[in-house]
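Below is data-v8.cif, holding mmCIF, C-alpha atoms.
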data_run
#
loop_
_atom_site.group_PDB
_atom_site.id
_atom_site.type_symbol
_atom_site.label_atom_id
_atom_site.label_comp_id
_atom_site.auth_asym_id
_atom_site.auth_seq_id
_atom_site.Cartn_x
_atom_site.Cartn_y
_atom_site.Cartn_z
ATOM 1 C CA MET A 1 -55.176 3.801 52.875
ATOM 2 C CA THR A 2 -58.106 5.063 54.936
ATOM 3 C CA ASP A 3 -55.829 7.553 56.695
ATOM 4 C CA LEU A 4 -54.766 8.933 53.319
ATOM 5 C CA ASN A 5 -58.397 9.144 52.194
ATOM 6 C CA THR A 6 -59.340 11.004 55.356
ATOM 7 C CA ARG A 7 -56.475 13.482 54.967
ATOM 8 C CA LEU A 8 -57.243 14.077 51.295
ATOM 9 C CA LYS A 9 -60.943 14.591 51.964
ATOM 10 C CA ALA A 10 -60.114 17.144 54.673
ATOM 11 C CA ALA A 11 -57.647 18.945 52.379
ATOM 12 C CA GLU A 12 -60.146 18.849 49.532
ATOM 13 C CA ALA A 13 -62.894 20.315 51.711
ATOM 14 C CA HIS A 14 -60.523 23.026 52.942
ATOM 15 C CA LEU A 15 -59.496 24.020 49.401
ATOM 16 C CA LEU A 16 -62.885 23.700 47.748
ATOM 17 C CA GLU A 17 -64.913 25.637 50.316
ATOM 18 C CA PRO A 18 -63.719 29.115 49.178
ATOM 19 C CA LEU A 19 -64.469 28.153 45.569
ATOM 20 C CA ARG A 20 -67.957 27.014 46.479
ATOM 21 C CA ARG A 21 -68.604 30.209 48.457
ATOM 22 C CA ALA A 22 -67.404 32.367 45.565
ATOM 23 C CA ARG A 23 -69.539 30.442 43.089
ATOM 24 C CA ARG A 24 -72.591 30.738 45.354
ATOM 25 C CA SER A 25 -72.072 34.462 45.871
ATOM 26 C CA LEU A 26 -71.743 35.018 42.118
ATOM 27 C CA ARG A 27 -74.796 32.898 41.410
ATOM 28 C CA ASP A 28 -76.842 34.557 44.166
ATOM 29 C CA ALA A 29 -75.768 38.075 43.328
ATOM 30 C CA GLY A 30 -76.406 37.746 39.613
ATOM 31 C CA GLU A 31 -74.818 41.150 39.220
ATOM 32 C CA PRO A 32 -72.010 42.189 36.949
ATOM 33 C CA PRO A 33 -68.783 43.349 38.591
ATOM 34 C CA PRO A 34 -68.845 46.869 40.030
ATOM 35 C CA ALA A 35 -68.969 49.669 37.490
ATOM 36 C CA LEU A 36 -65.808 51.607 36.742
ATOM 37 C CA THR A 37 -65.346 54.994 38.331
ATOM 38 C CA LEU A 38 -65.003 58.072 36.156
ATOM 39 C CA GLY A 39 -61.254 58.184 36.824
ATOM 40 C CA GLN A 40 -60.847 54.552 35.767
ATOM 41 C CA LYS A 41 -62.823 55.150 32.584
ATOM 42 C CA VAL A 42 -60.748 58.232 31.743
ATOM 43 C CA ALA A 43 -57.479 56.414 32.471
ATOM 44 C CA ASP A 44 -58.495 53.510 30.230
ATOM 45 C CA ALA A 45 -59.623 55.839 27.440
ATOM 46 C CA VAL A 46 -56.413 57.895 27.571
ATOM 47 C CA ALA A 47 -54.219 54.778 27.664
ATOM 48 C CA ALA A 48 -56.145 53.225 24.768
ATOM 49 C CA THR A 49 -55.884 56.423 22.718
ATOM 50 C CA ILE A 50 -52.206 57.091 23.371
ATOM 51 C CA GLY A 51 -51.313 53.476 22.707
ATOM 52 C CA SER A 52 -52.876 53.394 19.249
ATOM 53 C CA TRP A 53 -51.523 53.780 15.725
ATOM 54 C CA PRO A 54 -53.933 56.605 14.816
ATOM 55 C CA PHE A 55 -52.567 58.656 17.727
ATOM 56 C CA ILE A 56 -48.968 58.006 16.712
ATOM 57 C CA LEU A 57 -49.699 58.919 13.091
ATOM 58 C CA VAL A 58 -51.622 62.089 13.978
ATOM 59 C CA GLN A 59 -48.976 63.187 16.467
ATOM 60 C CA SER A 60 -46.189 62.504 13.969
ATOM 61 C CA GLY A 61 -48.068 64.534 11.356
ATOM 62 C CA LEU A 62 -48.576 67.446 13.745
ATOM 63 C CA LEU A 63 -44.902 67.385 14.750
ATOM 64 C CA ALA A 64 -43.847 67.398 11.084
ATOM 65 C CA VAL A 65 -46.159 70.333 10.308
ATOM 66 C CA TRP A 66 -44.886 72.207 13.384
ATOM 67 C CA LEU A 67 -41.255 71.690 12.368
ATOM 68 C CA ILE A 68 -41.804 72.560 8.711
ATOM 69 C CA LEU A 69 -43.797 75.716 9.457
ATOM 70 C CA ASN A 70 -41.152 76.898 11.899
ATOM 71 C CA LEU A 71 -38.232 76.108 9.622
ATOM 72 C CA VAL A 72 -39.553 77.640 6.392
ATOM 73 C CA ALA A 73 -41.725 80.439 7.743
ATOM 74 C CA TRP A 74 -40.440 83.669 6.201
ATOM 75 C CA MET A 75 -42.352 86.108 8.312
ATOM 76 C CA GLN A 76 -42.957 84.686 11.742
ATOM 77 C CA HIS A 77 -41.174 81.949 13.664
ATOM 78 C CA TRP A 78 -43.311 81.361 16.765
ATOM 79 C CA ASP A 79 -40.921 78.595 17.906
ATOM 80 C CA PRO A 80 -37.441 79.052 16.368
ATOM 81 C CA TYR A 81 -34.892 76.283 15.889
ATOM 82 C CA PRO A 82 -34.239 74.810 19.317
ATOM 83 C CA PHE A 83 -38.053 74.353 19.399
ATOM 84 C CA ILE A 84 -38.368 75.159 23.082
ATOM 85 C CA LEU A 85 -42.159 75.531 22.872
ATOM 86 C CA LEU A 86 -42.455 72.156 21.141
ATOM 87 C CA ASN A 87 -40.303 70.535 23.847
ATOM 88 C CA LEU A 88 -42.496 72.123 26.505
ATOM 89 C CA ALA A 89 -45.667 70.839 24.822
ATOM 90 C CA LEU A 90 -44.290 67.303 24.482
ATOM 91 C CA SER A 91 -43.034 67.321 28.082
ATOM 92 C CA PHE A 92 -46.458 68.481 29.235
ATOM 93 C CA GLN A 93 -48.112 65.703 27.244
ATOM 94 C CA ALA A 94 -45.749 63.072 28.672
ATOM 95 C CA ALA A 95 -46.185 64.370 32.219
ATOM 96 C CA TYR A 96 -49.950 63.951 32.010
ATOM 97 C CA ALA A 97 -50.063 60.789 29.895
ATOM 98 C CA GLY A 98 -47.735 58.820 32.184
ATOM 99 C CA PRO A 99 -49.974 58.757 35.266
ATOM 100 C CA PHE A 100 -53.051 57.891 33.178
ATOM 101 C CA ILE A 101 -51.227 54.970 31.615
ATOM 102 C CA LEU A 102 -49.925 53.791 34.996
ATOM 103 C CA MET A 103 -53.410 53.951 36.535
ATOM 104 C CA SER A 104 -54.805 51.883 33.681
ATOM 105 C CA GLN A 105 -51.964 49.364 33.948
ATOM 106 C CA ASN A 106 -52.414 49.057 37.719
ATOM 107 C CA ARG A 107 -56.120 48.366 37.296
ATOM 108 C CA GLN A 108 -55.391 45.793 34.600
ATOM 109 C CA GLN A 109 -52.758 44.226 36.845
ATOM 110 C CA ASP A 110 -55.363 43.852 39.611
ATOM 111 C CA ILE A 111 -57.749 42.194 37.163
ATOM 112 C CA ASP A 112 -54.985 39.862 35.960
ATOM 113 C CA ARG A 113 -54.058 39.009 39.550
ATOM 114 C CA ARG A 114 -57.676 38.067 40.350
ATOM 115 C CA LYS A 115 -57.868 35.943 37.199
ATOM 116 C CA ALA A 116 -54.593 34.218 38.088
ATOM 117 C CA GLU A 117 -55.896 33.464 41.589
ATOM 118 C CA THR A 118 -59.097 32.010 40.135
ATOM 119 C CA ASP A 119 -57.081 29.948 37.654
ATOM 120 C CA TYR A 120 -54.923 28.670 40.495
ATOM 121 C CA GLN A 121 -57.975 27.650 42.509
ATOM 122 C CA VAL A 122 -59.468 25.888 39.489
ATOM 123 C CA ASN A 123 -56.167 24.061 38.932
ATOM 124 C CA VAL A 124 -56.075 22.986 42.577
ATOM 125 C CA LYS A 125 -59.629 21.690 42.281
ATOM 126 C CA ALA A 126 -58.758 19.806 39.085
ATOM 127 C CA GLU A 127 -55.717 18.311 40.799
ATOM 128 C CA LEU A 128 -57.871 17.185 43.703
ATOM 129 C CA GLU A 129 -60.399 15.643 41.332
ATOM 130 C CA ILE A 130 -57.622 13.801 39.490
ATOM 131 C CA GLU A 131 -56.228 12.549 42.800
ATOM 132 C CA LEU A 132 -59.686 11.342 43.777
ATOM 133 C CA LEU A 133 -59.994 9.504 40.465
ATOM 134 C CA HIS A 134 -56.589 7.907 41.045
ATOM 135 C CA GLN A 135 -57.724 6.768 44.473
ATOM 136 C CA LYS A 136 -60.889 5.255 43.023
ATOM 137 C CA LEU A 137 -58.907 3.493 40.289
ATOM 138 C CA ASP A 138 -56.451 2.173 42.861
ATOM 139 C CA ALA A 139 -59.309 0.924 45.020
ATOM 140 C CA LEU A 140 -60.917 -0.777 42.006
ATOM 141 C CA LYS A 141 -57.573 -2.323 41.078
ATOM 142 C CA GLU A 142 -57.085 -3.625 44.632
ATOM 143 C CA GLN A 143 -60.624 -5.026 44.655
ATOM 144 C CA GLU A 144 -60.064 -6.659 41.278
ATOM 145 C CA LEU A 145 -56.759 -8.172 42.443
ATOM 146 C CA ALA A 146 -58.419 -9.453 45.605
ATOM 147 C CA ASP A 147 -61.255 -10.991 43.542
ATOM 148 C CA LEU A 148 -58.719 -12.592 41.166
ATOM 149 C CA ALA A 149 -56.683 -13.960 44.080
ATOM 150 C CA ARG A 150 -59.873 -15.385 45.607
ATOM 151 C CA ALA A 151 -60.845 -16.958 42.271
ATOM 152 C CA VAL A 152 -57.367 -18.481 41.868
ATOM 153 C CA ARG A 153 -57.547 -19.819 45.415
ATOM 154 C CA ASN A 154 -60.997 -21.331 44.781
ATOM 155 C CA LEU A 155 -59.834 -22.879 41.517
ATOM 156 C CA SER A 156 -56.727 -24.251 43.227
ATOM 157 C CA GLU A 157 -58.871 -25.768 45.983
ATOM 158 C CA GLN A 158 -61.229 -27.312 43.430
ATOM 159 C CA LEU A 159 -58.256 -28.694 41.494
ATOM 160 C CA GLU A 160 -56.776 -30.170 44.664
ATOM 161 C CA ALA A 161 -60.148 -31.648 45.611
ATOM 162 C CA ARG A 162 -60.448 -33.385 42.199
ATOM 163 C CA ARG A 163 -56.908 -34.724 42.420
ATOM 164 C CA GLY A 164 -57.350 -36.013 45.909
#
Show this structure as structure tokens.
Amino acid sequence: MTDLNTRLKAAEAHLLEPLRRARRSLRDAGEPPPALTLGQKVADAVAATIGSWPFILVQSGLLAVWLILNLVAWMQHWDPYPFILLNLALSFQAAYAGPFILMSQNRQQDIDRRKAETDYQVNVKAELEIELLHQKLDALKEQELADLARAVRNLSEQLEARRG
């Protein structure tokens, strides 16, 4: 039992030390996480705008107006039926929106990965605490059983002494 306690205490110290260091550094620093760069802010803003209902509605409206004006215009068709200029504009938009969205997703993925690592460390700490509580309960149970066995032995001896 003592060997198990020693091994668990060593494992607990090994796993908890990085958590304690991180907590100390956060407490000591007292600073918010580093500010976003201009590129990160732009990527987040573009991704948030393109991924919104107002953008979809406005873009759909503009596409409808473009198509209607080019189909019914009597005098001037600036982009006749195959709508080559419209395809070029939409391709241009997609070519520039894609990298912005990917940059924003990559940054969010890094944030999620750090949160998952922190959650894992917290779960490991909770597991260690639960194991420690189990050990303490087991030790109390063993002590209680030993006390009960001693009491039964004493009572048996007293009973034998009265009989004899």
>> Once the PyMOL selection byres ((chain A and resi 40) around 12) is applied to the coordinates I shared, what remains selected? I want it as an NGL selection string.
In response: :A and (34-39 or 41-47 or 99-108)
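Put simply, CA of Asp112 in chain A is 22.3 Å away from CA of Ala97 in chain A.
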> Interatomic distance between CA of Tyr81 in chain A and CA of Tyr96 in chain A?
Replying inline: 25.3 Å
>> One decimal, in Å: what's the spacing between CA of Asn70 in chain A and CA of Asn87 in chain A?
In response: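 Distance reported for this atom pair: 13.6 Å.
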> Could you pull the residues within 9 Å of Leu86 in chain A, counting only C-alpha atoms, minus those fewer than 5 positions along the same chain, as a ChimeraX atom specification?
Replying inline: /A:63,66-67,79,91
Please report, as AutoDock Vina command-line options, the centre and edge lengths in Å to one decimal of an axis-aligned box covering all listed atoms of range 58-68 of chain A with 3 Å per side.
--center_x -46.4 --center_y 67.3 --center_z 12.6 --size_x 16.4 --size_y 16.5 --size_z 13.8
